[in-house]
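**Student:** I'm passing along entry.tsv; it holds TSV, C-alpha atoms.
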```tsv
chain	number	residue	atom	x	y	z
A	1	MET	CA	0.00	0.00	0.00
A	2	HIS	CA	1.29	3.44	-0.89
A	3	ILE	CA	1.63	6.03	1.85
A	4	GLY	CA	-1.31	8.41	1.84
A	5	SER	CA	-3.65	6.00	0.08
A	6	PRO	CA	-6.94	5.51	1.97
A	7	CYS	CA	-7.47	2.03	0.48
A	8	GLN	CA	-5.96	-1.41	0.90
A	9	VAL	CA	-6.07	-4.38	-1.43
A	10	GLY	CA	-9.13	-6.47	-0.58
A	11	GLN	CA	-11.12	-3.56	0.82
A	12	ILE	CA	-14.78	-3.16	-0.14
A	13	VAL	CA	-15.86	0.18	-1.63
A	14	LEU	CA	-19.04	1.78	-2.94
A	15	ILE	CA	-18.70	3.58	-6.27
A	16	THR	CA	-20.26	7.04	-5.93
A	17	HIS	CA	-19.57	8.64	-9.33
A	18	GLY	CA	-19.73	7.48	-12.92
A	19	ARG	CA	-21.56	4.85	-14.88
A	20	GLU	CA	-21.21	2.23	-12.13
A	21	ALA	CA	-22.38	4.54	-9.30
A	22	GLY	CA	-24.20	2.69	-6.53
A	23	GLN	CA	-22.36	-0.59	-7.09
A	24	TYR	CA	-19.99	-2.29	-4.67
A	25	ALA	CA	-16.52	-3.40	-5.72
A	26	VAL	CA	-13.29	-4.75	-4.27
A	27	VAL	CA	-9.94	-2.96	-4.44
A	28	VAL	CA	-7.65	-5.32	-6.41
A	29	GLY	CA	-4.76	-2.91	-6.91
A	30	ILE	CA	-3.42	0.51	-6.04
A	31	VAL	CA	-2.02	2.64	-8.86
A	32	ASP	CA	-0.93	5.61	-6.73
A	33	GLU	CA	-2.38	7.78	-3.97
A	34	ARG	CA	-5.16	9.05	-6.27
A	35	PHE	CA	-6.20	5.94	-8.22
A	36	VAL	CA	-7.15	2.36	-7.37
A	37	LEU	CA	-8.15	-0.66	-9.45
A	38	LEU	CA	-11.62	-2.08	-8.78
A	39	ALA	CA	-13.33	-5.33	-9.77
A	40	ASP	CA	-16.56	-7.05	-8.77
A	41	GLY	CA	-16.13	-10.47	-10.41
A	42	SER	CA	-19.25	-10.25	-12.57
A	43	ARG	CA	-19.51	-7.10	-14.70
A	44	ARG	CA	-15.98	-5.94	-14.00
A	45	LYS	CA	-13.61	-8.94	-14.03
A	46	PHE	CA	-10.22	-9.15	-12.33
A	47	ASP	CA	-8.44	-9.30	-15.70
A	48	VAL	CA	-9.88	-5.90	-16.73
A	49	PRO	CA	-10.23	-3.86	-13.51
A	50	LYS	CA	-11.68	-0.35	-13.45
A	51	ARG	CA	-9.22	2.45	-12.71
A	52	LYS	CA	-11.07	4.77	-10.35
A	53	ASN	CA	-10.24	8.04	-8.57
A	54	VAL	CA	-10.34	7.59	-4.78
A	55	GLN	CA	-12.49	10.72	-4.51
A	56	HIS	CA	-15.21	8.91	-6.48
A	57	ILE	CA	-15.58	5.98	-4.07
A	58	LYS	CA	-16.74	5.48	-0.49
A	59	VAL	CA	-14.35	3.23	1.44
A	60	PHE	CA	-15.68	0.81	4.07
A	61	ASP	CA	-13.67	-0.52	7.01
A	62	TYR	CA	-14.33	-4.07	5.77
A	63	ILE	CA	-11.40	-5.95	4.22
A	64	SER	CA	-11.89	-9.36	2.64
A	65	LEU	CA	-8.95	-11.37	3.94
A	66	GLU	CA	-9.53	-14.14	1.37
A	67	VAL	CA	-9.13	-11.69	-1.50
A	68	GLN	CA	-6.24	-9.88	0.15
A	69	ASN	CA	-4.31	-13.09	0.89
A	70	SER	CA	-4.90	-14.46	-2.60
A	71	ILE	CA	-3.59	-11.29	-4.27
A	72	ILE	CA	-0.57	-11.11	-1.94
A	73	GLU	CA	0.34	-14.79	-2.41
A	74	THR	CA	-0.32	-15.30	-6.12
A	75	GLY	CA	-0.86	-11.82	-7.53
A	76	ARG	CA	-4.31	-12.90	-8.72
A	77	VAL	CA	-7.77	-13.63	-7.38
A	78	THR	CA	-10.61	-15.57	-8.96
A	79	ASN	CA	-13.77	-13.76	-10.00
A	80	GLY	CA	-15.70	-16.23	-7.85
A	81	LYS	CA	-13.83	-15.08	-4.74
A	82	LEU	CA	-14.62	-11.47	-5.59
A	83	ARG	CA	-18.33	-12.26	-6.01
A	84	TYR	CA	-18.33	-14.26	-2.76
A	85	ALA	CA	-16.62	-11.44	-0.83
A	86	LEU	CA	-19.11	-8.87	-2.10
A	87	THR	CA	-22.11	-11.11	-1.39
A	88	LYS	CA	-20.85	-11.80	2.13
A	89	PHE	CA	-20.28	-8.07	2.74
A	90	VAL	CA	-23.71	-7.05	1.43
A	91	ASN	CA	-25.50	-9.76	3.42
A	92	GLU	CA	-23.72	-8.96	6.69
A	93	TYR	CA	-22.84	-5.28	6.67
A	94	VAL	CA	-25.30	-3.54	4.36
A	95	THR	CA	-28.38	-5.48	5.44
A	96	ASP	CA	-27.64	-4.85	9.13
A	97	SER	CA	-27.17	-1.11	8.63
A	98	LYS	CA	-30.46	-0.85	6.71
A	99	LYS	CA	-32.43	-2.64	9.44
A	100	GLY	CA	-31.66	0.07	11.97
A	101	GLU	CA	-31.94	-0.16	15.68
A	102	PRO	CA	-34.43	1.49	18.02
A	103	ILE	CA	-33.12	4.60	19.74
A	104	HIS	CA	-32.44	3.90	23.45
A	105	GLY	CA	-34.74	0.88	23.33
A	106	GLU	CA	-37.70	2.94	22.17
A	107	GLY	CA	-39.40	3.17	18.81
A	108	ARG	CA	-39.19	6.34	16.74
A	109	CYS	CA	-42.80	7.35	17.48
A	110	ASN	CA	-42.57	7.14	21.29
```
Mind converting the file's structure to structure tokens?
**Tutor:**
Amino acid sequence: MHIGSPCQVGQIVLITHGREAGQYAVVVGIVDERFVLLADGSRRKFDVPKRKNVQHIKVFDYISLEVQNSIIETGRVTNGKLRYALTKFVNEYVTDSKKGEPIHGEGRCN
């Protein structure tokens, strides 16, 4: 990881600008402090990652260790692992944040 870069390989991000806005992706490479390479395993494969400005993505604190270890060890990752990592993230992290929790044990209307 380059110094000053907010992303790490294997980190999940949300694309906020461009044609793919609103989609989740995995960081598969870091070009420099301004650009990262993203892939999702389905539309955007590992072999042809999207070069994206870090100002056009929202970075989550979730890092897929399977993807990170695979890229560190072999320099590659399968598209299936990317899809699995994104599915796991969406099912655990995104679904939980959308459910919401009652405020101080009370409902919103109380």
**Student:** Between A:Thr16, A:Glu92, A:Gly29, A:Val48, single out the one closest to Tyr62 in chain A, counting all atoms listed in the file.
**Tutor:**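 Ranking A:Thr16, A:Glu92, A:Gly29, A:Val48 by distance to Tyr62 in chain A, first place goes to A:Glu92.
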**Student:** Can you pull out every residue within 10 Å of Ala39 in chain A, counting only C-alpha atoms, but drop anything in the same chain fewer than 6 positions away, and send it as a list in words?
**Tutor:**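 Selected residues are Ile12, Tyr24, Ala25, Val26, Val27, Val28, Gly29, Lys45, Phe46, Asp47, Val48, Pro49, Lys50, Arg51, Asn79, Leu82 and Arg83 of chain A.
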**Student:** What's around Pro6 in chain A at 8 Å? Count all atoms listed in the file, leave out sequence neighbours fewer than 5 positions away in its own chain, and write the answer as a compact mmCIF listing (two decimals) with C-alpha atoms, in the frame of the given file.
**Tutor:**
```
# COMPACT_ATOMS: atom_id res chain seq x y z
CA GLU A 33 -2.38 7.78 -3.97
CA VAL A 54 -10.34 7.59 -4.78
CA VAL A 59 -14.35 3.23 1.44
```
**Student:** What is the distance between CA of Gly41 in chain A and CA of Thr78 in chain A, in Å to one decimal?
**Tutor:**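 These two atoms are separated by 7.7 Å.
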**Student:** Under the rule that all atoms listed in the file are counted, which of A:Gly22, A:Cys7, A:Ile63, A:Arg43 is the nearest residue to Tyr93 in chain A?
**Tutor:**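 Nearest candidate to Tyr93 in chain A out of A:Gly22, A:Cys7, A:Ile63, A:Arg43: A:Ile63.
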**Student:** What is the distance between CA of Glu73 in chain A and CA of Ile30 in chain A, in Å to one decimal?
**Tutor:** 16.2 Å
**Student:** Would you mind reading off the distance between CA of Leu37 in chain A and CA of Lys52 in chain A, one decimal, in Å?
**Tutor:**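 Spanning CA of Leu37 in chain A to CA of Lys52 in chain A is a straight-line distance of 6.2 Å.
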**Student:** Which neighbours of Asn69 in chain A fall inside 12 Å, counting all atoms listed in the file, when residues of the same chain fewer than 3 positions from it are skipped, and could you give them as a list of chain:residue names?
**Tutor:**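 Using all atoms listed in the file, the neighbours found are A:Gln8, A:Val9, A:Gly10, A:Gln11, A:Val28, A:Ile63, A:Ser64, A:Leu65, A:Glu66, A:Ile72, A:Glu73, A:Thr74, A:Gly75, A:Arg76, A:Val77, A:Thr78, A:Lys81.
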**Student:** Using all atoms listed in the file for the distances, tell me which of A:Leu38, A:Ala85, A:Val31, A:Ile71 is nearest to Ile57 in chain A.
**Tutor:**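 Distance minimum relative to Ile57 in chain A lands on A:Leu38.
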**Student:** Select, from A:Val90, A:Val13, A:Arg19, A:Val36, the residue with the minimum atom-to-atom distance to Phe60 in chain A, counting only C-alpha atoms.
**Tutor:**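 Counting only C-alpha atoms, the residue closest to Phe60 in chain A is A:Val13.
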**Student:** When you count all atoms listed in the file, which of these residues is closest to His56 in chain A: A:Gly18, A:Gly80, A:Lys88, A:Val94?
**Tutor:** A:Gly18
